[in-house]
$ cat upload.cif   # mmCIF, C-alpha atoms and all ligand atoms
data_work
loop_
_atom_site.group_PDB
_atom_site.id
_atom_site.type_symbol
_atom_site.label_atom_id
_atom_site.label_comp_id
_atom_site.auth_asym_id
_atom_site.auth_seq_id
_atom_site.Cartn_x
_atom_site.Cartn_y
_atom_site.Cartn_z
ATOM 1 C CA MET A 1 139.091 116.003 31.729
ATOM 2 C CA SER A 2 142.265 114.249 32.763
ATOM 3 C CA ARG A 3 141.836 111.373 30.365
ATOM 4 C CA ASN A 4 144.696 111.100 27.906
ATOM 5 C CA TYR A 5 144.032 109.683 24.473
ATOM 6 C CA VAL A 6 144.573 109.974 20.758
ATOM 7 C CA ALA A 7 141.638 109.607 18.383
ATOM 8 C CA LEU A 8 142.578 108.776 14.817
ATOM 9 C CA LEU A 9 139.943 110.724 12.891
ATOM 10 C CA GLY A 10 141.163 109.928 9.392
ATOM 11 C CA THR A 11 143.577 107.141 8.593
ATOM 12 C CA LYS A 12 144.093 106.830 4.862
ATOM 13 C CA GLY A 13 147.194 108.039 3.062
ATOM 14 C CA GLY A 14 146.648 110.394 0.148
ATOM 15 C CA PRO A 15 143.802 112.805 -0.632
ATOM 16 C CA ALA A 16 141.496 110.793 -2.909
ATOM 17 C CA ILE A 17 138.413 109.139 -1.490
ATOM 18 C CA ARG A 18 136.212 106.573 -3.185
ATOM 19 C CA PRO A 19 133.049 104.695 -2.220
ATOM 20 C CA GLY A 20 133.833 102.833 0.985
ATOM 21 C CA SER A 21 137.012 104.839 1.658
ATOM 22 C CA SER A 22 138.326 105.832 5.006
ATOM 23 C CA MET A 23 139.211 109.539 5.282
ATOM 24 C CA PRO A 24 142.600 111.246 4.958
ATOM 25 C CA THR A 25 144.776 112.239 7.887
ATOM 26 C CA SER A 26 143.466 114.050 10.963
ATOM 27 C CA ASN A 27 143.944 113.340 14.648
ATOM 28 C CA LEU A 28 142.636 114.530 17.985
ATOM 29 C CA LEU A 29 145.044 114.470 20.923
ATOM 30 C CA CYS A 30 143.870 114.949 24.503
ATOM 31 C CA LEU A 31 146.673 115.441 26.960
ATOM 32 C CA ASP A 32 146.226 116.634 30.552
ATOM 33 C CA GLY A 33 142.718 117.797 29.729
ATOM 34 C CA GLN A 34 143.878 119.899 26.780
ATOM 35 C CA GLN A 35 142.733 119.096 23.274
ATOM 36 C CA MET A 36 144.797 119.533 20.148
ATOM 37 C CA VAL A 37 144.118 118.746 16.520
ATOM 38 C CA VAL A 38 146.985 117.288 14.511
ATOM 39 C CA ASP A 39 146.445 117.645 10.753
ATOM 40 C CA CYS A 40 143.176 118.718 9.167
ATOM 41 C CA ALA A 41 142.342 116.645 6.116
ATOM 42 C CA LEU A 42 138.951 116.313 4.528
ATOM 43 C CA GLY A 43 136.569 114.997 7.196
ATOM 44 C CA VAL A 44 138.288 116.541 10.219
ATOM 45 C CA THR A 45 135.234 118.576 11.256
ATOM 46 C CA ARG A 46 132.878 115.572 11.218
ATOM 47 C CA GLY A 47 135.541 113.453 12.910
ATOM 48 C CA LEU A 48 135.928 115.905 15.794
ATOM 49 C CA VAL A 49 132.190 116.222 16.347
ATOM 50 C CA ASP A 50 131.874 112.437 16.310
ATOM 51 C CA GLN A 51 134.415 112.379 19.165
ATOM 52 C CA GLY A 52 132.193 114.721 21.165
ATOM 53 C CA VAL A 53 134.290 117.832 20.632
ATOM 54 C CA GLN A 54 132.490 121.172 20.850
ATOM 55 C CA LEU A 55 133.998 123.003 17.909
ATOM 56 C CA LYS A 56 133.768 126.379 19.638
ATOM 57 C CA THR A 57 136.321 125.132 22.185
ATOM 58 C CA LEU A 58 139.061 124.555 19.603
ATOM 59 C CA SER A 59 142.226 126.391 20.529
ATOM 60 C CA ARG A 60 145.265 124.534 19.204
ATOM 61 C CA ILE A 61 145.869 123.027 15.782
ATOM 62 C CA PHE A 62 149.071 121.603 14.320
ATOM 63 C CA ILE A 63 149.744 120.943 10.635
ATOM 64 C CA THR A 64 152.646 118.629 9.762
ATOM 65 C CA HIS A 65 153.046 119.682 6.118
ATOM 66 C CA LEU A 66 151.318 121.265 3.170
ATOM 67 C CA HIS A 67 150.032 118.228 1.317
ATOM 68 C CA SER A 68 146.285 118.472 0.865
ATOM 69 C CA ASP A 69 145.640 115.183 2.669
ATOM 70 C CA HIS A 70 146.835 117.006 5.816
ATOM 71 C CA TYR A 71 145.272 120.496 5.625
ATOM 72 C CA LEU A 72 142.540 120.689 2.983
ATOM 73 C CA GLU A 73 139.802 121.187 5.603
ATOM 74 C CA LEU A 74 141.617 123.572 7.966
ATOM 75 C CA GLY A 75 139.661 126.577 6.700
ATOM 76 C CA PRO A 76 136.270 124.860 6.655
ATOM 77 C CA LEU A 77 136.947 123.507 10.176
ATOM 78 C CA LEU A 78 137.635 126.971 11.555
ATOM 79 C CA HIS A 79 134.742 128.535 9.680
ATOM 80 C CA THR A 80 132.373 125.847 10.956
ATOM 81 C CA ALA A 81 133.724 126.283 14.502
ATOM 82 C CA TRP A 82 133.007 130.009 14.113
ATOM 83 C CA THR A 83 129.418 129.327 13.095
ATOM 84 C CA ALA A 84 129.210 126.962 16.096
ATOM 85 C CA GLY A 85 130.046 129.812 18.454
ATOM 86 C CA LEU A 86 133.839 130.157 18.415
ATOM 87 C CA LYS A 87 134.726 133.533 19.907
ATOM 88 C CA THR A 88 138.184 132.862 21.299
ATOM 89 C CA SER A 89 141.439 132.823 19.385
ATOM 90 C CA VAL A 90 142.846 129.689 17.831
ATOM 91 C CA ASP A 91 146.575 129.096 17.468
ATOM 92 C CA VAL A 92 147.711 127.134 14.441
ATOM 93 C CA TRP A 93 151.263 125.866 14.128
ATOM 94 C CA GLY A 94 152.519 124.698 10.769
ATOM 95 C CA PRO A 95 154.950 125.180 7.893
ATOM 96 C CA ALA A 96 155.577 128.415 6.042
ATOM 97 C CA GLY A 97 152.841 128.818 3.448
ATOM 98 C CA LEU A 98 149.921 128.323 5.834
ATOM 99 C CA ASN A 99 149.342 132.095 5.866
ATOM 100 C CA ASP A 100 148.749 132.052 2.112
ATOM 101 C CA TYR A 101 146.243 129.225 2.494
ATOM 102 C CA TRP A 102 144.376 131.053 5.264
ATOM 103 C CA ASP A 103 144.358 134.392 3.431
ATOM 104 C CA GLY A 104 143.061 132.645 0.308
ATOM 105 C CA PHE A 105 140.385 130.802 2.263
ATOM 106 C CA LEU A 106 139.196 134.008 3.917
ATOM 107 C CA ALA A 107 139.110 135.756 0.541
ATOM 108 C CA SER A 108 137.088 132.915 -0.969
ATOM 109 C CA MET A 109 134.502 133.165 1.840
ATOM 110 C CA LYS A 110 134.494 136.952 2.196
ATOM 111 C CA ALA A 111 130.858 137.379 1.196
ATOM 112 C CA ASP A 112 129.659 134.855 3.756
ATOM 113 C CA ILE A 113 131.942 136.065 6.544
ATOM 114 C CA ASP A 114 130.955 139.720 6.076
ATOM 115 C CA LEU A 115 127.291 138.728 5.970
ATOM 116 C CA ARG A 116 127.405 136.724 9.191
ATOM 117 C CA ILE A 117 129.273 139.467 11.048
ATOM 118 C CA GLU A 118 126.626 141.973 9.984
ATOM 119 C CA ASP A 119 123.590 139.710 10.098
ATOM 120 C CA GLU A 120 124.364 137.460 13.093
ATOM 121 C CA GLY A 121 126.657 139.695 15.121
ATOM 122 C CA ARG A 122 129.564 137.299 15.044
ATOM 123 C CA PRO A 123 133.145 138.381 15.808
ATOM 124 C CA ASP A 124 135.379 138.801 12.773
ATOM 125 C CA LEU A 125 136.755 135.375 11.890
ATOM 126 C CA ARG A 126 139.788 137.127 10.379
ATOM 127 C CA THR A 127 140.922 138.228 13.824
ATOM 128 C CA LEU A 128 140.546 134.878 15.571
ATOM 129 C CA LEU A 129 143.437 132.944 14.062
ATOM 130 C CA GLN A 130 147.098 133.172 15.018
ATOM 131 C CA ILE A 131 149.399 131.281 12.670
ATOM 132 C CA HIS A 132 152.828 130.285 13.942
ATOM 133 C CA VAL A 133 155.371 129.134 11.369
ATOM 134 C CA ILE A 134 157.308 126.200 12.753
ATOM 135 C CA ASP A 135 160.854 124.960 12.344
ATOM 136 C CA GLU A 136 162.826 122.183 14.017
ATOM 137 C CA GLY A 137 163.086 122.397 17.790
ATOM 138 C CA VAL A 138 160.612 123.458 20.453
ATOM 139 C CA VAL A 139 157.470 124.655 18.722
ATOM 140 C CA MET A 140 155.312 125.488 21.706
ATOM 141 C CA GLN A 141 155.569 125.440 25.482
ATOM 142 C CA GLN A 142 152.364 126.247 27.348
ATOM 143 C CA ASP A 143 150.404 124.984 30.332
ATOM 144 C CA GLY A 144 152.806 122.111 31.084
ATOM 145 C CA LEU A 145 152.830 120.989 27.450
ATOM 146 C CA THR A 146 155.910 120.905 25.263
ATOM 147 C CA VAL A 147 155.601 120.380 21.532
ATOM 148 C CA SER A 148 158.720 119.816 19.441
ATOM 149 C CA ALA A 149 159.383 119.159 15.774
ATOM 150 C CA ILE A 150 161.972 117.516 13.563
ATOM 151 C CA ARG A 151 162.081 117.563 9.778
ATOM 152 C CA THR A 152 161.201 114.296 8.130
ATOM 153 C CA GLU A 153 162.234 112.964 4.744
ATOM 154 C CA HIS A 154 159.304 113.561 2.443
ATOM 155 C CA PRO A 155 160.583 114.854 -0.880
ATOM 156 C CA PRO A 156 159.936 117.003 -2.730
ATOM 157 C CA LEU A 157 158.754 118.847 0.398
ATOM 158 C CA ILE A 158 161.393 120.300 2.724
ATOM 159 C CA ASP A 159 159.034 121.478 5.433
ATOM 160 C CA CYS A 160 157.473 118.266 6.645
ATOM 161 C CA PHE A 161 157.602 117.670 10.362
ATOM 162 C CA ALA A 162 157.273 114.891 12.897
ATOM 163 C CA LEU A 163 155.715 116.273 16.080
ATOM 164 C CA SER A 164 156.293 115.312 19.699
ATOM 165 C CA PHE A 165 153.784 116.199 22.421
ATOM 166 C CA LYS A 166 154.941 115.896 26.037
ATOM 167 C CA GLY A 167 152.487 116.441 28.843
ATOM 168 C CA THR A 168 153.037 116.022 32.552
ATOM 169 C CA SER A 169 152.950 112.228 32.348
ATOM 170 C CA LYS A 170 152.418 111.161 28.734
ATOM 171 C CA HIS A 171 154.410 111.508 25.534
ATOM 172 C CA VAL A 172 152.930 111.091 22.048
ATOM 173 C CA VAL A 173 154.767 111.334 18.730
ATOM 174 C CA PHE A 174 153.332 111.651 15.224
ATOM 175 C CA SER A 175 155.710 110.669 12.448
ATOM 176 C CA GLY A 176 154.169 112.947 9.860
ATOM 177 C CA ASP A 177 154.755 111.742 6.323
ATOM 178 C CA THR A 178 158.239 110.347 5.955
ATOM 179 C CA ALA A 179 160.577 107.774 4.535
ATOM 180 C CA PRO A 180 162.261 105.796 7.337
ATOM 181 C CA ILE A 181 164.602 108.082 9.319
ATOM 182 C CA THR A 182 166.736 107.099 12.299
ATOM 183 C CA ALA A 183 166.268 110.576 13.841
ATOM 184 C CA LEU A 184 162.726 109.531 14.682
ATOM 185 C CA GLU A 185 164.069 106.879 17.076
ATOM 186 C CA ASP A 186 165.591 109.469 19.413
ATOM 187 C CA PHE A 187 162.717 111.852 18.862
ATOM 188 C CA ALA A 188 160.198 109.202 19.950
ATOM 189 C CA ARG A 189 162.386 107.673 22.668
ATOM 190 C CA ASP A 190 160.230 105.869 25.288
ATOM 191 C CA ALA A 191 157.051 107.584 24.077
ATOM 192 C CA ASP A 192 153.711 106.226 25.255
ATOM 193 C CA LEU A 193 152.462 106.178 21.670
ATOM 194 C CA LEU A 194 153.995 106.542 18.241
ATOM 195 C CA VAL A 195 151.513 107.203 15.436
ATOM 196 C CA HIS A 196 153.448 106.258 12.325
ATOM 197 C CA GLU A 197 152.505 106.371 8.674
ATOM 198 C CA ALA A 198 152.628 103.001 6.933
ATOM 199 C CA MET A 199 152.499 101.263 3.582
ATOM 200 C CA LEU A 200 151.840 97.574 3.072
ATOM 201 C CA GLU A 201 154.600 96.400 0.745
ATOM 202 C CA SER A 202 152.807 93.331 -0.566
ATOM 203 C CA ALA A 203 149.773 95.393 -1.613
ATOM 204 C CA LEU A 204 151.552 98.126 -3.568
ATOM 205 C CA PRO A 205 151.753 96.404 -6.985
ATOM 206 C CA ALA A 206 147.977 95.905 -7.023
ATOM 207 C CA LEU A 207 147.447 99.506 -5.902
ATOM 208 C CA LEU A 208 149.712 100.809 -8.647
ATOM 209 C CA GLU A 209 147.713 98.775 -11.115
ATOM 210 C CA ARG A 210 144.487 100.358 -9.855
ATOM 211 C CA VAL A 211 145.429 104.006 -9.373
ATOM 212 C CA GLY A 212 148.746 104.457 -11.195
ATOM 213 C CA ASN A 213 149.067 106.390 -14.418
ATOM 214 C CA GLY A 214 151.021 103.830 -16.384
ATOM 215 C CA SER A 215 154.468 105.050 -15.346
ATOM 216 C CA ASP A 216 156.720 104.178 -12.410
ATOM 217 C CA LYS A 217 156.401 107.682 -10.955
ATOM 218 C CA LEU A 218 153.843 106.911 -8.273
ATOM 219 C CA MET A 219 155.766 103.850 -7.044
ATOM 220 C CA GLU A 220 158.955 105.930 -6.996
ATOM 221 C CA HIS A 221 157.177 108.574 -4.906
ATOM 222 C CA TRP A 222 155.931 105.970 -2.427
ATOM 223 C CA LEU A 223 159.367 104.433 -2.017
ATOM 224 C CA ARG A 224 161.165 107.773 -1.733
ATOM 225 C CA SER A 225 158.747 109.554 0.587
ATOM 226 C CA HIS A 226 156.919 106.981 2.702
ATOM 227 C CA THR A 227 157.583 104.070 5.079
ATOM 228 C CA PHE A 228 156.716 100.392 4.941
ATOM 229 C CA ALA A 229 154.841 99.043 7.958
ATOM 230 C CA HIS A 230 157.762 96.771 8.832
ATOM 231 C CA ASP A 231 160.132 99.762 8.867
ATOM 232 C CA ALA A 232 157.710 101.745 11.033
ATOM 233 C CA ALA A 233 157.708 98.760 13.403
ATOM 234 C CA ARG A 234 161.493 98.745 13.473
ATOM 235 C CA THR A 235 161.557 102.449 14.314
ATOM 236 C CA ALA A 236 159.034 101.868 17.119
ATOM 237 C CA SER A 237 161.106 99.003 18.540
ATOM 238 C CA ASN A 238 164.361 100.912 18.384
ATOM 239 C CA ALA A 239 162.702 103.917 20.019
ATOM 240 C CA GLY A 240 161.313 101.741 22.818
ATOM 241 C CA VAL A 241 157.811 103.201 22.546
ATOM 242 C CA ARG A 242 154.994 101.612 24.535
ATOM 243 C CA GLN A 243 152.324 101.536 21.803
ATOM 244 C CA LEU A 244 152.443 101.769 18.024
ATOM 245 C CA ALA A 245 149.583 102.964 15.829
ATOM 246 C CA LEU A 246 149.761 102.596 12.060
ATOM 247 C CA SER A 247 147.940 105.326 10.204
ATOM 248 C CA HIS A 248 148.066 107.174 6.866
ATOM 249 C CA LEU A 249 147.599 103.668 5.481
ATOM 250 C CA ILE A 250 148.550 102.890 1.892
ATOM 251 C CA PRO A 251 146.537 101.121 0.650
ATOM 252 C CA SER A 252 143.455 101.766 2.741
ATOM 253 C CA ASP A 253 140.646 100.459 0.585
ATOM 254 C CA ASP A 254 141.790 97.209 -1.019
ATOM 255 C CA PRO A 255 139.332 94.503 0.083
ATOM 256 C CA ASP A 256 142.046 91.894 -0.451
ATOM 257 C CA TYR A 257 144.078 93.350 2.438
ATOM 258 C CA GLY A 258 142.882 93.827 5.995
ATOM 259 C CA GLU A 259 144.013 94.230 9.589
ATOM 260 C CA GLN A 260 145.690 90.830 9.716
ATOM 261 C CA ASP A 261 147.930 91.692 6.777
ATOM 262 C CA TRP A 262 149.201 94.766 8.601
ATOM 263 C CA LYS A 263 149.745 92.723 11.743
ATOM 264 C CA ASN A 264 151.666 90.120 9.771
ATOM 265 C CA ALA A 265 153.785 92.822 8.156
ATOM 266 C CA VAL A 266 155.069 94.129 11.494
ATOM 267 C CA ALA A 267 155.234 90.809 13.385
ATOM 268 C CA ASP A 268 158.972 90.274 12.906
ATOM 269 C CA HIS A 269 159.855 93.693 14.277
ATOM 270 C CA TRP A 270 157.256 94.626 16.867
ATOM 271 C CA ASP A 271 155.668 92.643 19.694
ATOM 272 C CA GLY A 272 154.157 95.486 21.734
ATOM 273 C CA ALA A 273 150.681 96.977 21.635
ATOM 274 C CA LEU A 274 149.664 97.588 18.028
ATOM 275 C CA HIS A 275 146.762 99.601 16.618
ATOM 276 C CA VAL A 276 145.954 99.362 12.925
ATOM 277 C CA GLY A 277 144.288 102.674 12.171
ATOM 278 C CA THR A 278 140.577 102.933 11.495
ATOM 279 C CA ASP A 279 138.651 106.217 11.387
ATOM 280 C CA GLY A 280 137.428 107.167 14.848
ATOM 281 C CA LEU A 281 139.678 104.733 16.719
ATOM 282 C CA ARG A 282 140.439 106.021 20.204
ATOM 283 C CA ILE A 283 143.718 104.934 21.783
ATOM 284 C CA ASP A 284 144.127 105.425 25.527
ATOM 285 C CA LEU A 285 147.574 106.471 26.665
HETATM 286 ZN ZN ZN B 301 149.991 112.361 3.349
HETATM 287 ZN ZN ZN B 302 152.630 114.157 2.381
#
$ encode --input "upload.cif" --output "structure tokens" --more "lines below"
Ligand SMILES: [Zn+2]
Ligand SMILES: [Zn+2]
Amino acid sequence: MSRNYVALLGTKGGPAIRPGSSMPTSNLLCLDGQQMVVDCALGVTRGLVDQGVQLKTLSRIFITHLHSDHYLELGPLLHTAWTAGLKTSVDVWGPAGLNDYWDGFLASMKADIDLRIEDEGRPDLRTLLQIHVIDEGVVMQQDGLTVSAIRTEHPPLIDCFALSFKGTSKHVVFSGDTAPITALEDFARDADLLVHEAMLESALPALLERVGNGSDKLMEHWLRSHTFAHDAARTASNAGVRQLALSHLIPSDDPDYGEQDWKNAVADHWDGALHVGTDGLRIDL
């Protein structure tokens, strides 16, 4: 129970999946024997079960921002946990707007939820979730855990957050989606692990060719709202973190680019422990 680790459940940037794809962003964090889910993209439920998590024990979920590659499967995760025996309340922290998502999800599944309450004697799923709208600052302080947030730069969204989790002996920071920001250096100061989003600069032209829509808009979005691997490495170095994990990888499914390319991209700026994200990768703290 005391083992501290992060499991990267889904490691690709963006919501689309294709044959051979990794899955979009979800993470499991175990700190001081307490488990937390950070982002809930498509695949989060399978990813948690594959890590040995009993879904009925879920109690804390954090959502960094309302892009679908970070919360599309929040509702299905909670519903599936409910069918797996969840009877206790789950706290979800995330940006304003999560309530609308949850209300809409419950409405879309009303027939099934009502049926299972009546037919299987389950508690009312609608009463099990507590949503907490987050802002910058301390988000949660419970059981020796402190979770804090800062806004990142991820236009056009305003409410996108980096999250810091401090336990009794370990400190983990998730960058969320962001362009490079110096505020993250202080926020992640001396952390045991920084999980940072990353793009591979040399691979973007080929990706644009494959998935772009003929205009410069997608490239402009990447450059305005995301971070190159070498800049993530610079942030990690300046912050003095102990380990760096690259996740939310763009691209994630180009056979011409692999782990070594990511390692090469950060080599000039980072010489500490490096993890290039793959789905299911467990990183000990
Ligand atoms: Zn994203
Ligand atoms: Zn995003």
$ residues_near_ligand --input "upload.cif" --ligand "ligand ZN 301 (chain B)" --cutoff "8 Å" --atoms "all atoms listed in the file" --output "PyMOL selection string"
chain A and resi 13-15+24-25+67-70+176-177+248
$ resolve_selection --input "upload.cif" --expression "the PyMOL selection byres (((chain A and resi 10) around 12) and not hetatm)" --output "PyMOL selection string"
chain A and resi 6-9+11-15+17+21-28+37-48+50+69-71+73+197+246-249+252+277-282
$ resolve_selection --input "upload.cif" --expression "the PyMOL selection byres (((chain A and resi 163) around 9) and not hetatm)" --output "JSON, numbers by chain"
{"A": [38, 62, 64, 139, 147, 148, 149, 150, 161, 162, 164, 165, 172, 173, 174, 175, 176, 187]}
$ closest_residue --input "upload.cif" --among "A:Val49, A:Ala179, A:Leu55, A:Leu193" --to "ligand ZN 302 (chain B)" --atoms "all atoms listed in the file"
A:Ala179
$ residues_near_point --input "upload.cif" --point "(156.5, 98.8, 8.7)" --cutoff "7 Å" --atoms "only C-alpha atoms" --output "list in words"
Ala198, Met199, Thr227, Phe228, Ala229, His230, Asp231, Ala232, Ala233, Arg234, Ala265 and Val266 of chain A
$ atom_distance --input "upload.cif" --atom1 "atom CA of A:Thr235" --atom2 "atom CA of A:Ala188"
8.9 Å
$ build_atoms --input "upload.cif" --residues "stretch 207-218 of chain A" --atoms "N, CA, C and O atoms" --output "tab-separated table (two decimals), keeping the file's coordinate frame"
chain	number	residue	atom	x	y	z
A	207	LEU	N	147.90	98.12	-6.01
A	207	LEU	CA	147.45	99.51	-5.90
A	207	LEU	C	147.92	100.32	-7.10
A	207	LEU	O	147.17	101.11	-7.67
A	208	LEU	N	149.16	100.09	-7.49
A	208	LEU	CA	149.71	100.81	-8.65
A	208	LEU	C	148.90	100.49	-9.90
A	208	LEU	O	148.60	101.37	-10.71
A	209	GLU	N	148.53	99.23	-9.99
A	209	GLU	CA	147.71	98.78	-11.12
A	209	GLU	C	146.37	99.53	-11.14
A	209	GLU	O	145.89	99.95	-12.18
A	210	ARG	N	145.81	99.73	-9.95
A	210	ARG	CA	144.49	100.36	-9.86
A	210	ARG	C	144.52	101.87	-10.05
A	210	ARG	O	143.68	102.44	-10.73
A	211	VAL	N	145.48	102.53	-9.39
A	211	VAL	CA	145.43	104.01	-9.37
A	211	VAL	C	146.60	104.67	-10.09
A	211	VAL	O	146.65	105.89	-10.20
A	212	GLY	N	147.58	103.87	-10.54
A	212	GLY	CA	148.75	104.46	-11.20
A	212	GLY	C	148.38	105.03	-12.54
A	212	GLY	O	147.27	104.86	-13.05
A	213	ASN	N	149.33	105.75	-13.13
A	213	ASN	CA	149.07	106.39	-14.42
A	213	ASN	C	149.92	105.79	-15.53
A	213	ASN	O	150.24	106.44	-16.51
A	214	GLY	N	150.30	104.53	-15.33
A	214	GLY	CA	151.02	103.83	-16.38
A	214	GLY	C	152.53	103.99	-16.33
A	214	GLY	O	153.25	103.28	-17.02
A	215	SER	N	153.02	104.90	-15.48
A	215	SER	CA	154.47	105.05	-15.35
A	215	SER	C	154.90	104.55	-13.97
A	215	SER	O	154.08	104.15	-13.15
A	216	ASP	N	156.21	104.61	-13.71
A	216	ASP	CA	156.72	104.18	-12.41
A	216	ASP	C	156.72	105.32	-11.39
A	216	ASP	O	157.17	105.15	-10.26
A	217	LYS	N	156.23	106.49	-11.80
A	217	LYS	CA	156.40	107.68	-10.96
A	217	LYS	C	155.76	107.55	-9.58
A	217	LYS	O	156.34	107.95	-8.57
A	218	LEU	N	154.55	107.00	-9.55
A	218	LEU	CA	153.84	106.91	-8.27
A	218	LEU	C	154.58	105.95	-7.33
A	218	LEU	O	154.77	106.26	-6.15
